[in-house]
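With mmCIF, C-alpha atoms inside, this is my_file-v3.cif:
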data_data
#
loop_
_atom_site.label_atom_id
_atom_site.label_comp_id
_atom_site.auth_asym_id
_atom_site.auth_seq_id
_atom_site.Cartn_x
_atom_site.Cartn_y
_atom_site.Cartn_z
CA MET A 4 0.00 0.00 0.00
CA ASP A 5 1.23 3.48 -0.94
CA LYS A 6 1.49 5.16 2.49
CA THR A 7 2.22 8.57 0.97
CA LEU A 8 -0.93 8.37 -1.12
CA VAL A 9 -2.98 7.33 1.93
CA GLN A 10 -1.65 10.32 3.88
CA GLU A 11 -2.31 12.62 0.92
CA LEU A 12 -5.88 11.31 0.60
CA LYS A 13 -6.55 11.84 4.31
CA GLU A 14 -5.42 15.45 4.03
CA GLU A 15 -7.46 16.04 0.87
CA ILE A 16 -10.59 14.49 2.37
CA ILE A 17 -10.31 16.64 5.50
CA GLU A 18 -9.98 19.75 3.33
CA VAL A 19 -12.63 18.94 0.74
CA LEU A 20 -15.23 17.71 3.25
CA ASN A 21 -14.44 20.45 5.80
CA LEU A 22 -13.76 17.96 8.59
CA GLU A 23 -12.38 20.81 10.67
CA GLU A 24 -12.23 18.86 13.89
CA MET A 25 -10.16 16.01 12.42
CA LYS A 26 -6.48 15.46 11.82
CA PRO A 27 -5.06 12.86 9.40
CA GLU A 28 -3.94 10.67 12.32
CA ASP A 29 -7.55 10.56 13.60
CA ILE A 30 -8.67 8.74 10.47
CA ASP A 31 -8.34 4.97 10.35
CA ALA A 32 -7.41 4.19 6.74
CA SER A 33 -9.09 0.79 6.91
CA ALA A 34 -12.35 2.01 8.52
CA PRO A 35 -15.53 2.46 6.46
CA LEU A 36 -15.96 5.98 5.07
CA PHE A 37 -19.77 5.84 5.06
CA GLY A 38 -22.21 4.81 7.76
CA GLU A 39 -19.80 3.93 10.55
CA GLY A 40 -16.22 5.27 10.58
CA LEU A 41 -16.21 8.83 9.25
CA GLY A 42 -20.00 8.75 8.84
CA LEU A 43 -20.02 10.46 5.46
CA ASP A 44 -23.20 10.94 3.42
CA SER A 45 -24.31 11.13 -0.22
CA ILE A 46 -23.14 14.73 -0.75
CA ASP A 47 -19.71 13.68 0.51
CA ALA A 48 -19.75 10.85 -2.04
CA LEU A 49 -20.23 13.45 -4.78
CA GLU A 50 -17.34 15.49 -3.37
CA LEU A 51 -15.11 12.38 -3.42
CA ILE A 52 -16.02 11.72 -7.06
CA VAL A 53 -15.05 15.31 -7.89
CA LEU A 54 -11.81 14.93 -5.89
CA MET A 55 -10.81 11.78 -7.83
CA GLU A 56 -11.47 13.47 -11.15
CA LYS A 57 -9.81 16.77 -10.31
CA ASN A 58 -6.70 15.53 -8.51
CA TYR A 59 -6.08 12.14 -10.11
CA GLY A 60 -7.81 12.33 -13.50
CA ILE A 61 -10.12 9.41 -12.70
CA LYS A 62 -13.64 9.65 -14.07
CA LEU A 63 -15.99 7.05 -12.60
CA LYS A 64 -18.06 5.47 -15.35
CA ASN A 65 -21.01 4.59 -13.15
CA ALA A 66 -22.08 5.49 -9.66
CA SER A 67 -22.12 1.89 -8.42
CA GLU A 68 -18.32 1.77 -8.83
CA GLY A 69 -18.08 4.40 -6.12
CA LYS A 70 -19.79 2.14 -3.60
CA GLU A 71 -16.90 -0.30 -3.87
CA ILE A 72 -14.06 2.22 -4.24
CA PHE A 73 -15.13 4.42 -1.33
CA ARG A 74 -15.32 1.56 1.20
CA SER A 75 -12.22 2.86 2.94
CA ILE A 76 -9.25 5.15 2.31
CA GLU A 77 -7.00 2.14 1.80
CA ILE A 78 -9.24 0.77 -0.96
CA MET A 79 -9.53 4.24 -2.48
CA ALA A 80 -5.73 4.65 -2.50
CA ASP A 81 -5.31 1.26 -4.12
CA TYR A 82 -7.80 2.11 -6.87
CA ILE A 83 -6.20 5.50 -7.48
CA SER A 84 -2.67 4.09 -7.74
CA LYS A 85 -3.86 1.62 -10.40
CA ASN A 86 -6.02 4.02 -12.43
CA ARG A 87 -4.63 7.52 -12.03
CA THR A 88 -3.87 9.56 -15.13
CA LYS A 89 -2.21 12.45 -13.30
CA MET B 6 -55.30 41.31 16.46
CA SER B 7 -52.01 42.14 18.18
CA ILE B 8 -48.70 40.68 17.10
CA TYR B 9 -45.67 40.82 19.33
CA ILE B 10 -41.91 40.59 19.00
CA GLU B 11 -41.04 37.96 21.55
CA LYS B 12 -37.31 37.81 20.99
CA ILE B 13 -34.59 39.08 18.66
CA ALA B 14 -31.09 37.68 18.16
CA GLN B 15 -28.50 39.35 15.94
CA ILE B 16 -25.08 38.74 14.50
CA SER B 17 -23.63 41.71 12.68
CA ILE B 18 -20.59 43.99 12.84
CA GLN B 19 -21.45 44.68 16.50
CA SER B 20 -20.85 42.26 19.40
CA PRO B 21 -22.79 39.14 18.47
CA LEU B 22 -25.96 37.98 20.24
CA SER B 23 -26.00 40.98 22.52
CA ASP B 24 -27.36 44.52 22.87
CA GLU B 25 -23.91 45.83 23.79
CA TRP B 26 -24.18 48.37 20.95
CA MET B 27 -26.76 50.24 23.07
CA ARG B 28 -24.04 51.09 25.60
CA ASP B 29 -20.78 50.64 23.77
CA PRO B 30 -21.07 50.54 19.99
CA ILE B 31 -18.23 49.49 17.71
CA TYR B 32 -17.61 52.16 15.08
CA PRO B 33 -16.37 51.21 11.60
CA THR B 34 -12.63 51.09 11.05
CA GLN B 35 -12.89 49.85 7.47
CA ARG B 36 -15.02 50.52 4.41
CA HIS B 37 -15.98 46.85 4.31
CA CYS B 38 -16.90 45.47 7.73
CA ARG B 39 -17.45 41.73 8.06
CA PHE B 40 -19.41 39.72 10.62
CA ILE B 41 -18.14 39.56 14.19
CA CYS B 42 -18.89 35.89 14.70
CA PRO B 43 -19.68 34.16 17.98
CA ASP B 44 -18.05 30.84 18.83
CA PHE B 45 -20.20 28.73 16.53
CA LYS B 46 -19.16 25.53 18.31
CA GLN B 47 -21.33 26.59 21.25
CA PHE B 48 -24.42 26.48 19.04
CA LEU B 49 -23.75 24.22 16.06
CA SER B 50 -22.30 20.73 16.01
CA PRO B 51 -19.31 20.23 13.69
CA ALA B 52 -21.42 17.76 11.69
CA THR B 53 -24.14 20.40 11.18
CA SER B 54 -21.87 23.27 10.31
CA ARG B 55 -19.01 21.68 8.38
CA ARG B 56 -20.51 22.43 4.95
CA MET B 57 -21.86 25.85 5.87
CA GLY B 58 -20.44 29.20 4.92
CA THR B 59 -20.28 32.06 7.43
CA LEU B 60 -23.68 33.49 6.48
CA LEU B 61 -25.47 30.18 7.06
CA LYS B 62 -23.71 29.66 10.38
CA CYS B 63 -24.74 33.17 11.45
CA ALA B 64 -28.36 32.65 10.33
CA LEU B 65 -28.68 29.32 12.14
CA THR B 66 -27.03 30.66 15.28
CA SER B 67 -29.29 33.73 15.40
CA ALA B 68 -32.33 31.48 14.81
CA PHE B 69 -31.23 29.03 17.54
CA ASN B 70 -30.80 31.93 19.96
CA CYS B 71 -34.20 33.32 19.08
CA VAL B 72 -36.36 30.22 19.48
CA LYS B 73 -36.15 27.88 22.44
CA GLU B 74 -35.46 24.26 21.54
CA GLU B 75 -38.85 23.03 22.77
CA ASN B 76 -40.69 25.51 20.53
CA ARG B 77 -38.79 24.95 17.28
CA THR B 78 -40.90 22.19 15.75
CA GLN B 79 -44.11 24.07 16.61
CA LEU B 80 -43.15 27.22 14.71
CA ASP B 81 -45.87 27.94 12.15
CA GLY B 82 -43.66 29.68 9.63
CA ILE B 83 -40.15 30.74 8.68
CA PHE B 84 -39.93 33.95 6.64
CA THR B 85 -36.53 34.94 5.26
CA GLY B 86 -35.37 38.09 3.57
CA SER B 87 -32.02 38.22 1.78
CA GLY B 88 -30.87 40.55 -0.96
CA LEU B 89 -27.87 38.51 -2.06
CA GLY B 90 -28.45 35.11 -0.45
CA CYS B 91 -25.37 32.96 0.05
CA ILE B 92 -23.34 35.08 -2.35
CA GLU B 93 -19.92 33.75 -1.25
CA ASN B 94 -20.98 30.20 -2.10
CA THR B 95 -22.44 31.43 -5.37
CA GLU B 96 -19.12 33.06 -6.24
CA LYS B 97 -17.13 29.95 -5.27
CA PHE B 98 -19.38 27.82 -7.42
CA LEU B 99 -19.17 30.16 -10.44
CA THR B 100 -15.40 30.64 -10.05
CA SER B 101 -15.00 26.87 -9.90
CA MET B 102 -17.01 26.54 -13.13
CA LEU B 103 -14.69 28.99 -14.85
CA GLU B 104 -11.47 27.50 -13.50
CA ASN B 105 -12.45 23.91 -14.27
CA ASN B 106 -13.96 24.56 -17.67
CA GLU B 107 -17.41 23.61 -16.34
CA GLN B 108 -16.13 20.21 -15.23
CA SER B 109 -15.55 18.66 -11.79
CA LEU B 110 -17.84 20.99 -9.86
CA SER B 111 -18.09 20.75 -6.10
CA PRO B 112 -21.73 20.01 -5.12
CA THR B 113 -21.58 21.69 -1.70
CA ASN B 114 -21.10 25.23 -3.00
CA PHE B 115 -23.79 24.66 -5.60
CA ILE B 116 -26.29 23.34 -3.04
CA GLN B 117 -25.68 26.34 -0.81
CA SER B 118 -25.60 28.96 -3.53
CA THR B 119 -29.30 29.83 -3.53
CA HIS B 120 -31.15 32.51 -1.62
CA ASN B 121 -33.59 30.09 -0.02
CA THR B 122 -30.82 27.93 1.46
CA ILE B 123 -31.02 30.07 4.60
CA GLY B 124 -34.70 29.44 5.33
CA SER B 125 -34.47 25.78 4.36
CA GLN B 126 -31.44 25.11 6.57
CA ILE B 127 -33.19 26.76 9.52
CA ALA B 128 -36.26 24.58 8.88
CA ILE B 129 -34.10 21.43 8.67
CA ALA B 130 -32.28 22.33 11.88
CA PHE B 131 -35.58 23.10 13.64
CA GLN B 132 -37.36 20.08 12.13
CA CYS B 133 -40.04 22.65 11.30
CA HIS B 134 -42.46 21.63 8.56
CA GLY B 135 -44.44 24.87 8.57
CA TYR B 136 -44.75 27.60 5.93
CA ASN B 137 -41.35 28.54 4.55
CA ILE B 138 -40.66 31.38 2.16
CA THR B 139 -37.78 33.60 1.09
CA PHE B 140 -38.00 37.09 -0.36
CA SER B 141 -35.22 38.64 -2.40
CA HIS B 142 -36.48 42.09 -3.33
CA ARG B 143 -33.33 44.19 -3.07
CA GLY B 144 -33.78 46.82 -0.33
CA LEU B 145 -37.24 45.54 0.57
CA SER B 146 -36.32 41.87 1.05
CA PHE B 147 -36.74 41.85 4.83
CA ASP B 148 -39.73 44.18 4.70
CA SER B 149 -41.51 41.85 2.26
CA ALA B 150 -40.81 38.82 4.45
CA LEU B 151 -42.12 40.69 7.48
CA MET B 152 -45.23 41.77 5.61
CA ASN B 153 -45.93 38.19 4.56
CA ALA B 154 -45.60 37.05 8.17
CA LEU B 155 -47.95 39.78 9.44
CA LEU B 156 -50.53 39.00 6.75
CA LYS B 157 -50.45 35.32 7.73
CA PHE B 158 -51.06 36.28 11.35
CA LYS B 159 -54.00 38.47 10.34
CA LEU B 160 -55.49 35.66 8.28
CA ASN B 161 -55.24 33.54 11.43
CA GLU B 162 -53.13 31.01 9.51
CA ILE B 163 -50.17 31.22 11.86
CA HIS B 164 -49.64 31.97 15.55
CA SER B 165 -45.85 32.04 15.64
CA ALA B 166 -43.19 32.96 13.11
CA LEU B 167 -39.46 33.29 12.74
CA VAL B 168 -38.55 36.22 10.49
CA ASN B 169 -34.90 36.27 9.49
CA ALA B 170 -32.90 38.85 7.55
CA SER B 171 -29.45 37.78 6.40
CA ASP B 172 -26.92 39.33 4.06
CA GLU B 173 -23.19 39.03 3.61
CA MET B 174 -20.96 41.23 1.46
CA SER B 175 -18.30 39.28 -0.38
CA ASP B 176 -15.04 40.89 -1.45
CA ALA B 177 -15.98 40.56 -5.11
CA TYR B 178 -19.39 42.13 -4.62
CA PHE B 179 -17.89 44.90 -2.52
CA LYS B 180 -15.53 45.73 -5.37
CA LEU B 181 -18.34 45.69 -7.92
CA PHE B 182 -20.39 48.10 -5.83
CA ASP B 183 -17.29 50.20 -5.25
CA HIS B 184 -17.01 50.79 -9.00
CA THR B 185 -20.56 52.19 -9.00
CA GLY B 186 -19.79 54.62 -6.15
CA TYR B 187 -21.97 52.72 -3.66
CA TRP B 188 -19.26 52.93 -0.97
CA LYS B 189 -17.39 55.95 0.32
CA LYS B 190 -13.74 56.17 -0.63
CA SER B 191 -12.68 56.67 2.97
CA ILE B 192 -13.76 55.27 6.32
CA CYS B 193 -17.09 56.74 7.45
CA THR B 194 -17.36 58.84 10.57
CA THR B 195 -20.58 59.39 12.54
CA ASP B 196 -20.63 62.94 11.22
CA ASP B 197 -20.97 61.55 7.69
CA PHE B 198 -24.32 60.10 8.77
CA LYS B 199 -25.58 63.15 10.59
CA HIS B 200 -24.54 65.71 7.97
CA ALA B 201 -23.87 63.82 4.76
CA ILE B 202 -22.20 65.89 2.07
CA SER B 203 -20.89 63.16 -0.23
CA SER B 204 -22.14 60.00 -1.87
CA GLY B 205 -21.65 56.40 -0.71
CA SER B 206 -21.87 54.42 2.51
CA PHE B 207 -19.91 51.58 4.13
CA ALA B 208 -20.65 47.87 3.92
CA GLY B 209 -21.97 45.88 6.84
CA GLU B 210 -23.22 42.33 7.25
CA ASN B 211 -26.22 41.16 9.22
CA SER B 212 -28.17 38.12 10.27
CA VAL B 213 -31.03 38.92 12.60
CA SER B 214 -33.88 36.67 13.69
CA PHE B 215 -37.21 37.84 15.11
CA LEU B 216 -39.62 35.56 16.92
CA LEU B 217 -43.18 36.85 16.42
CA THR B 218 -46.23 35.53 18.25
CA ASP B 219 -49.83 36.58 18.72
CA LYS B 220 -49.63 36.13 22.48
CA LYS B 221 -48.01 38.56 24.86
CA ALA B 222 -45.58 36.91 27.24
CA GLU B 223 -43.51 37.99 30.20
CA HIS B 224 -40.46 38.94 28.14
CA THR B 225 -42.20 40.34 25.07
CA LEU B 226 -40.13 43.19 23.64
CA CYS B 227 -42.89 45.20 21.97
CA GLU B 228 -45.91 45.03 19.72
CA ILE B 229 -45.32 45.14 16.00
CA GLY B 230 -48.28 46.99 14.58
CA ASP B 231 -48.11 46.79 10.84
CA ILE B 232 -45.92 47.38 7.82
CA GLU B 233 -46.84 49.32 4.69
CA LEU B 234 -44.88 48.90 1.46
CA PHE B 235 -44.84 51.60 -1.22
CA HIS B 236 -43.50 51.78 -4.76
CA THR B 237 -42.64 55.29 -6.00
CA PRO B 238 -45.29 56.88 -3.79
CA SER B 239 -46.38 60.50 -4.00
CA ASP B 240 -46.21 62.55 -0.80
CA LYS B 241 -49.99 62.40 -0.58
CA GLU B 242 -49.99 58.60 -0.82
CA LEU B 243 -47.32 58.34 1.88
CA ILE B 244 -49.31 60.58 4.23
CA ASP B 245 -52.71 59.06 3.43
CA ARG B 246 -51.73 55.41 3.73
CA THR B 247 -49.62 55.96 6.83
CA THR B 248 -52.44 57.94 8.47
CA ARG B 249 -54.91 55.19 7.54
CA PHE B 250 -52.85 52.32 8.94
CA LEU B 251 -52.11 54.25 12.12
CA SER B 252 -55.83 54.94 12.59
CA SER B 253 -56.47 51.19 12.78
CA TYR B 254 -54.37 51.32 15.98
CA GLN B 255 -56.22 54.41 17.22
CA LEU B 256 -53.10 56.48 16.52
CA THR B 257 -52.41 59.62 14.54
CA LEU B 258 -49.11 60.84 13.14
CA ASN B 259 -48.89 63.16 16.15
CA ASP B 260 -48.76 60.13 18.47
CA ILE B 261 -45.48 58.95 16.94
CA ASP B 262 -42.70 60.00 19.30
CA THR B 263 -39.71 58.44 17.50
CA VAL B 264 -38.81 57.66 13.92
CA VAL B 265 -36.01 55.25 13.00
CA LEU B 266 -34.29 56.28 9.77
CA GLY B 267 -31.84 54.53 7.48
CA HIS B 268 -29.28 57.33 7.06
CA ASN B 269 -26.28 55.66 5.48
CA GLY B 270 -23.97 58.61 4.85
CA ASP B 271 -25.00 59.04 1.23
CA VAL B 272 -26.18 62.60 0.76
CA GLU B 273 -29.02 61.77 -1.64
CA ASN B 274 -30.23 58.83 0.47
CA ASP B 275 -30.14 60.82 3.70
CA GLU B 276 -31.88 63.87 2.25
CA GLU B 277 -34.78 61.59 1.32
CA TYR B 278 -35.01 60.29 4.90
CA ASN B 279 -34.98 63.86 6.19
CA ARG B 280 -37.67 64.81 3.71
CA ILE B 281 -39.96 61.87 4.58
CA SER B 282 -39.57 62.24 8.32
CA ASN B 283 -40.27 65.99 8.09
CA LEU B 284 -43.26 65.24 5.89
CA LEU B 285 -44.78 62.61 8.18
CA VAL B 286 -43.56 63.22 11.72
CA PRO B 287 -41.58 66.48 11.97
CA HIS B 288 -42.03 66.52 15.76
CA ALA B 289 -40.57 63.02 16.33
CA ARG B 290 -37.08 62.19 17.57
CA LYS B 291 -34.92 60.89 14.77
CA VAL B 292 -32.92 57.73 15.41
CA ILE B 293 -30.26 56.37 13.06
CA TYR B 294 -28.48 53.00 13.15
CA LYS B 295 -26.52 52.38 9.95
CA HIS B 296 -23.57 54.40 11.28
CA ILE B 297 -22.86 51.41 13.56
CA PHE B 298 -24.35 48.53 11.51
CA GLY B 299 -23.38 49.56 7.96
CA GLU B 300 -25.37 49.10 4.79
CA SER B 301 -26.79 45.95 3.20
CA PHE B 302 -29.94 44.99 1.32
CA THR B 303 -31.64 43.80 4.52
CA MET B 304 -30.24 46.33 6.96
CA SER B 305 -33.75 47.71 7.54
CA ALA B 306 -34.22 44.66 9.79
CA MET B 307 -31.64 46.19 12.10
CA GLY B 308 -33.80 49.33 12.16
CA VAL B 309 -36.72 47.28 13.48
CA TYR B 310 -34.34 45.60 15.94
CA VAL B 311 -33.03 48.99 17.12
CA GLY B 312 -36.57 50.36 17.50
CA ALA B 313 -37.78 47.28 19.39
CA THR B 314 -34.76 47.33 21.70
CA CYS B 315 -35.23 51.03 22.49
CA ILE B 316 -38.91 50.45 23.32
CA ASN B 317 -38.07 47.42 25.45
CA GLN B 318 -35.30 49.18 27.35
CA GLN B 319 -37.35 52.42 27.45
CA HIS B 320 -34.26 54.32 26.48
CA ILE B 321 -32.65 55.82 23.39
CA PRO B 322 -28.89 56.19 23.73
CA SER B 323 -27.55 59.54 22.56
CA HIS B 324 -25.26 57.96 19.97
CA LEU B 325 -28.34 56.86 18.01
CA LEU B 326 -29.89 60.31 17.84
CA LEU B 327 -29.61 62.20 14.59
CA GLN B 328 -29.77 65.55 16.38
CA GLU B 329 -27.79 66.04 19.55
CA GLY B 330 -29.90 66.91 22.57
CA SER B 331 -33.16 65.81 20.95
CA THR B 332 -33.68 62.92 23.34
CA GLY B 333 -36.12 64.80 25.59
CA HIS B 334 -37.50 63.08 28.62
CA HIS B 335 -40.12 61.01 26.90
CA LYS B 336 -39.66 57.29 26.75
CA PRO B 337 -40.18 55.72 23.31
CA THR B 338 -43.73 54.43 22.98
CA ASN B 339 -44.81 54.60 19.35
CA ILE B 340 -42.05 54.24 16.78
CA LEU B 341 -42.14 54.33 13.01
CA VAL B 342 -39.28 52.56 11.23
CA VAL B 343 -38.84 54.10 7.78
CA ASN B 344 -36.92 52.42 4.99
CA HIS B 345 -36.39 53.42 1.39
CA PHE B 346 -34.33 51.89 -1.35
CA LYS B 347 -33.00 54.33 -3.94
CA LYS B 348 -36.13 56.50 -3.55
CA ILE B 349 -38.09 53.80 -5.40
CA ASP B 350 -39.32 51.33 -2.79
CA TYR B 351 -40.38 52.37 0.70
CA SER B 352 -41.61 50.71 3.85
CA ILE B 353 -43.03 52.04 7.10
CA THR B 354 -43.30 49.79 10.16
CA LEU B 355 -45.08 50.58 13.40
CA LEU B 356 -43.65 49.42 16.74
CA ARG B 357 -45.50 50.04 20.01
CA SER B 358 -44.73 49.49 23.64
CA CYS B 359 -46.98 46.93 25.29
#
Kindly transcribe the structure held in the file into structure tokens.
Amino acid sequence: MDKTLVQELKEEIIEVLNLEEMKPEDIDASAPLFGEGLGLDSIDALELIVLMEKNYGIKLKNASEGKEIFRSIEIMADYISKNRTK
Amino acid sequence: MSIYIEKIAQISIQSPLSDEWMRDPIYPTQRHCRFICPDFKQFLSPATSRRMGTLLKCALTSAFNCVKEENRTQLDGIFTGSGLGCIENTEKFLTSMLENNEQSLSPTNFIQSTHNTIGSQIAIAFQCHGYNITFSHRGLSFDSALMNALLKFKLNEIHSALVNASDEMSDAYFKLFDHTGYWKKSICTTDDFKHAISSGSFAGENSVSFLLTDKKAEHTLCEIGDIELFHTPSDKELIDRTTRFLSSYQLTLNDIDTVVLGHNGDVENDEEYNRISNLLVPHARKVIYKHIFGESFTMSAMGVYVGATCINQQHIPSHLLLQEGSTGHHKPTNILVVNHFKKIDYSITLLRSC
């Protein structure tokens, strides 16, 4: 697992989702992003899709992909490292 | 039917959520004054506020401070006035569209870019499913919202209402207005408001919430009689309609002891306030407030707040008086709050002690 990418993602998620109270070390990279864990919602999912496209050049072809990719930061980092175009 | 102002909570360029400006006002030190924010964490959970811009946080905090938790779901209506809405979010959203070639747009700024976001977010936070409406009518945005609320009371359709007036002034909008001469080129002094000789004002920001009910309670601030809106009225129409609405409260123009005016330092604007007040109530004390709150599309709400506070505290501080030494010994009892926007749209609101 790319630890630098995981750290980068944590910082980007905190900034994009305005998780003002959180620091990167507060986020468990293997914990679920939605429901439990960070407790994100559907608007956050849209923000994550925008983040992937803007920062890594990844355009999700269908929304159901997101459900799998956004299971945790670790899974997200893995997907990004395999599919990034920038 | 009598309608009362039960509570008011404000966040502006004065100390937030307090009437400190009555004793110790903060005078402008810039041409563009921004909100003095309270510690939002005391009122809003991080989960609630993390997507909100400053204006929304201010609006929710003023609403929370106005309505007790146990009464929030029972509110019959939420009436919002905002000239510019969540303009900072609108600008972020539009800037993002430009920078990203209309691709990869952040949904949060878009969702919060509309005028009616304020009223809807208050309703969501209150879990209030009552009437909900937003007015964006330039300088009469708050006045229109207030009129709608009062009409609903008179139709017996509501018994409680939250009326909110919120406006922020973004840097970009400030600059745009600056090009049109809307702001003074130097920092305003109080003298600019009492004896205006040049054009322009200074920018303020405001979010003020009023809780209105049709029942008088122990801590009721004052009665709010009525509001009349006018569009390019003649002097005769102003006098006739004001006289008529006062008569429904068994009052005449002579019974008005105080008039609250929106002098903003702009010579043309202030001359019109002087003209109207001399036309309607030449004998009344003249109170001004924009020299400490600044100018915005919904700043007339602060005029109603100032009038209601003076009635409630039975005192008009000298720094609010247009003419030095005009305070007299009479306590404020019947107040008219006069608002005009560019000498086109006008409103007159009656406040009474109760």
Answer key for the PyMOL selection byres ((chain A) within 6 of (chain B)), residues as a compact mmCIF listing (two decimals) with C-alpha atoms, in the frame of the given file:
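Wrote selection_30.txt, looks like this:
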# COMPACT_ATOMS: atom_id res chain seq x y z
CA ASN A 21 -14.44 20.45 5.80
CA GLU A 50 -17.34 15.49 -3.37
CA VAL A 53 -15.05 15.31 -7.89
Q.
Can you tell me which residues surround B:Thr218 at a distance of at most 10 Å, considering all atoms listed in the file, apart from same-chain residues fewer than 5 positions away, and format the answer as a list in words?
A.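 Within the cut-off, the hits are Ser7, Ile8, Tyr9, Ile10, Glu11, Lys12, Leu80, Asp81, Leu155, Phe158, Ile163, His164, Ser165, Ala166, Leu167, Thr225, Glu228 and Ile229 of chain B.
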Neighbouring residues of A:Met79 were defined as those with any atom within 12 Å, considering all atoms listed in the file; residues of the same chain fewer than 2 positions away were excluded. Please report them as a PDB file with C-alpha atoms, keeping the file's coordinate frame.
ATOM      1  CA  MET A   4       0.000   0.000   0.000  1.00  0.00           C
ATOM      2  CA  ASP A   5       1.230   3.480  -0.940  1.00  0.00           C
ATOM      3  CA  LEU A   8      -0.930   8.370  -1.120  1.00  0.00           C
ATOM      4  CA  VAL A   9      -2.980   7.330   1.930  1.00  0.00           C
ATOM      5  CA  GLN A  10      -1.650  10.320   3.880  1.00  0.00           C
ATOM      6  CA  GLU A  11      -2.310  12.620   0.920  1.00  0.00           C
ATOM      7  CA  LEU A  12      -5.880  11.310   0.600  1.00  0.00           C
ATOM      8  CA  LYS A  13      -6.550  11.840   4.310  1.00  0.00           C
ATOM      9  CA  ILE A  16     -10.590  14.490   2.370  1.00  0.00           C
ATOM     10  CA  ALA A  32      -7.410   4.190   6.740  1.00  0.00           C
ATOM     11  CA  SER A  33      -9.090   0.790   6.910  1.00  0.00           C
ATOM     12  CA  ALA A  34     -12.350   2.010   8.520  1.00  0.00           C
ATOM     13  CA  PRO A  35     -15.530   2.460   6.460  1.00  0.00           C
ATOM     14  CA  LEU A  36     -15.960   5.980   5.070  1.00  0.00           C
ATOM     15  CA  LEU A  51     -15.110  12.380  -3.420  1.00  0.00           C
ATOM     16  CA  ILE A  52     -16.020  11.720  -7.060  1.00  0.00           C
ATOM     17  CA  LEU A  54     -11.810  14.930  -5.890  1.00  0.00           C
ATOM     18  CA  MET A  55     -10.810  11.780  -7.830  1.00  0.00           C
ATOM     19  CA  TYR A  59      -6.080  12.140 -10.110  1.00  0.00           C
ATOM     20  CA  ILE A  61     -10.120   9.410 -12.700  1.00  0.00           C
ATOM     21  CA  GLU A  68     -18.320   1.770  -8.830  1.00  0.00           C
ATOM     22  CA  GLY A  69     -18.080   4.400  -6.120  1.00  0.00           C
ATOM     23  CA  LYS A  70     -19.790   2.140  -3.600  1.00  0.00           C
ATOM     24  CA  GLU A  71     -16.900  -0.300  -3.870  1.00  0.00           C
ATOM     25  CA  ILE A  72     -14.060   2.220  -4.240  1.00  0.00           C
ATOM     26  CA  PHE A  73     -15.130   4.420  -1.330  1.00  0.00           C
ATOM     27  CA  ARG A  74     -15.320   1.560   1.200  1.00  0.00           C
ATOM     28  CA  SER A  75     -12.220   2.860   2.940  1.00  0.00           C
ATOM     29  CA  ILE A  76      -9.250   5.150   2.310  1.00  0.00           C
ATOM     30  CA  GLU A  77      -7.000   2.140   1.800  1.00  0.00           C
ATOM     31  CA  ASP A  81      -5.310   1.260  -4.120  1.00  0.00           C
ATOM     32  CA  TYR A  82      -7.800   2.110  -6.870  1.00  0.00           C
ATOM     33  CA  ILE A  83      -6.200   5.500  -7.480  1.00  0.00           C
ATOM     34  CA  SER A  84      -2.670   4.090  -7.740  1.00  0.00           C
ATOM     35  CA  LYS A  85      -3.860   1.620 -10.400  1.00  0.00           C
ATOM     36  CA  ASN A  86      -6.020   4.020 -12.430  1.00  0.00           C
ATOM     37  CA  ARG A  87      -4.630   7.520 -12.030  1.00  0.00           C
TER      38      ARG A  87
END
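Between atom CA of B:Ile92 and atom CA of B:Ser118 there is a distance of 6.6 Å.
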(Q) Which residues would end up in the selection if the PyMOL selection byres ((chain B and resi 299-316) around 6) were applied here, given that I need the answer as a PyMOL selection string? (A) chain B and resi 88+143-144+147+170+207-209+295-298+317-321+337+358
Q | Nearest candidate to B:Lys336 (options B:Gly267, B:Thr59, B:Arg357, B:Lys348; using all atoms listed in the file) | A |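 Smallest separation from B:Lys336 among the options: B:Arg357.
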Q: Step by step, work through what the PyMOL selection byres ((chain B and resi 140) around 9) selects in the shown file, and finish by giving those residues as number ranges by chain.
A: B: 84-88, 120-121, 138-139, 141-143, 145-150
Q.
Would you compute the distance between atom CA of B:Ile340 and atom CA of B:Thr263? Give it in Å to one decimal.
A.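 Interatomic distance, atom CA of B:Ile340 to atom CA of B:Thr263: 4.9 Å.
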(Q) Could you check the closest approach to A:Leu43 for each of A:Ile30, A:Lys57, A:Leu20, A:Leu63 and tell me which residue wins, using only C-alpha atoms? (A)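 Answer, going by the shortest atom-to-atom distance: A:Leu20.
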Q: Considering all atoms listed in the file, return as a ChimeraX atom specification whatever protein or nucleic-acid residues lie within 6 Å of stretch 278-294 of chain B, sequence-local ones (same chain, fewer than 3 positions apart) excluded.
A: /B:262-266,275,297,325-327
Q.
So, with all atoms listed in the file as the atoms that count, which of B:Asp219, B:Asp44, B:Asp240, B:Glu277 lies closest to B:His345?
A. B:Glu277
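Among B:Asn211, B:Thr248, B:Thr78, B:Asn106, the residue with the shortest atom-to-atom distance to B:Ile261, counting all atoms listed in the file, is B:Thr248.
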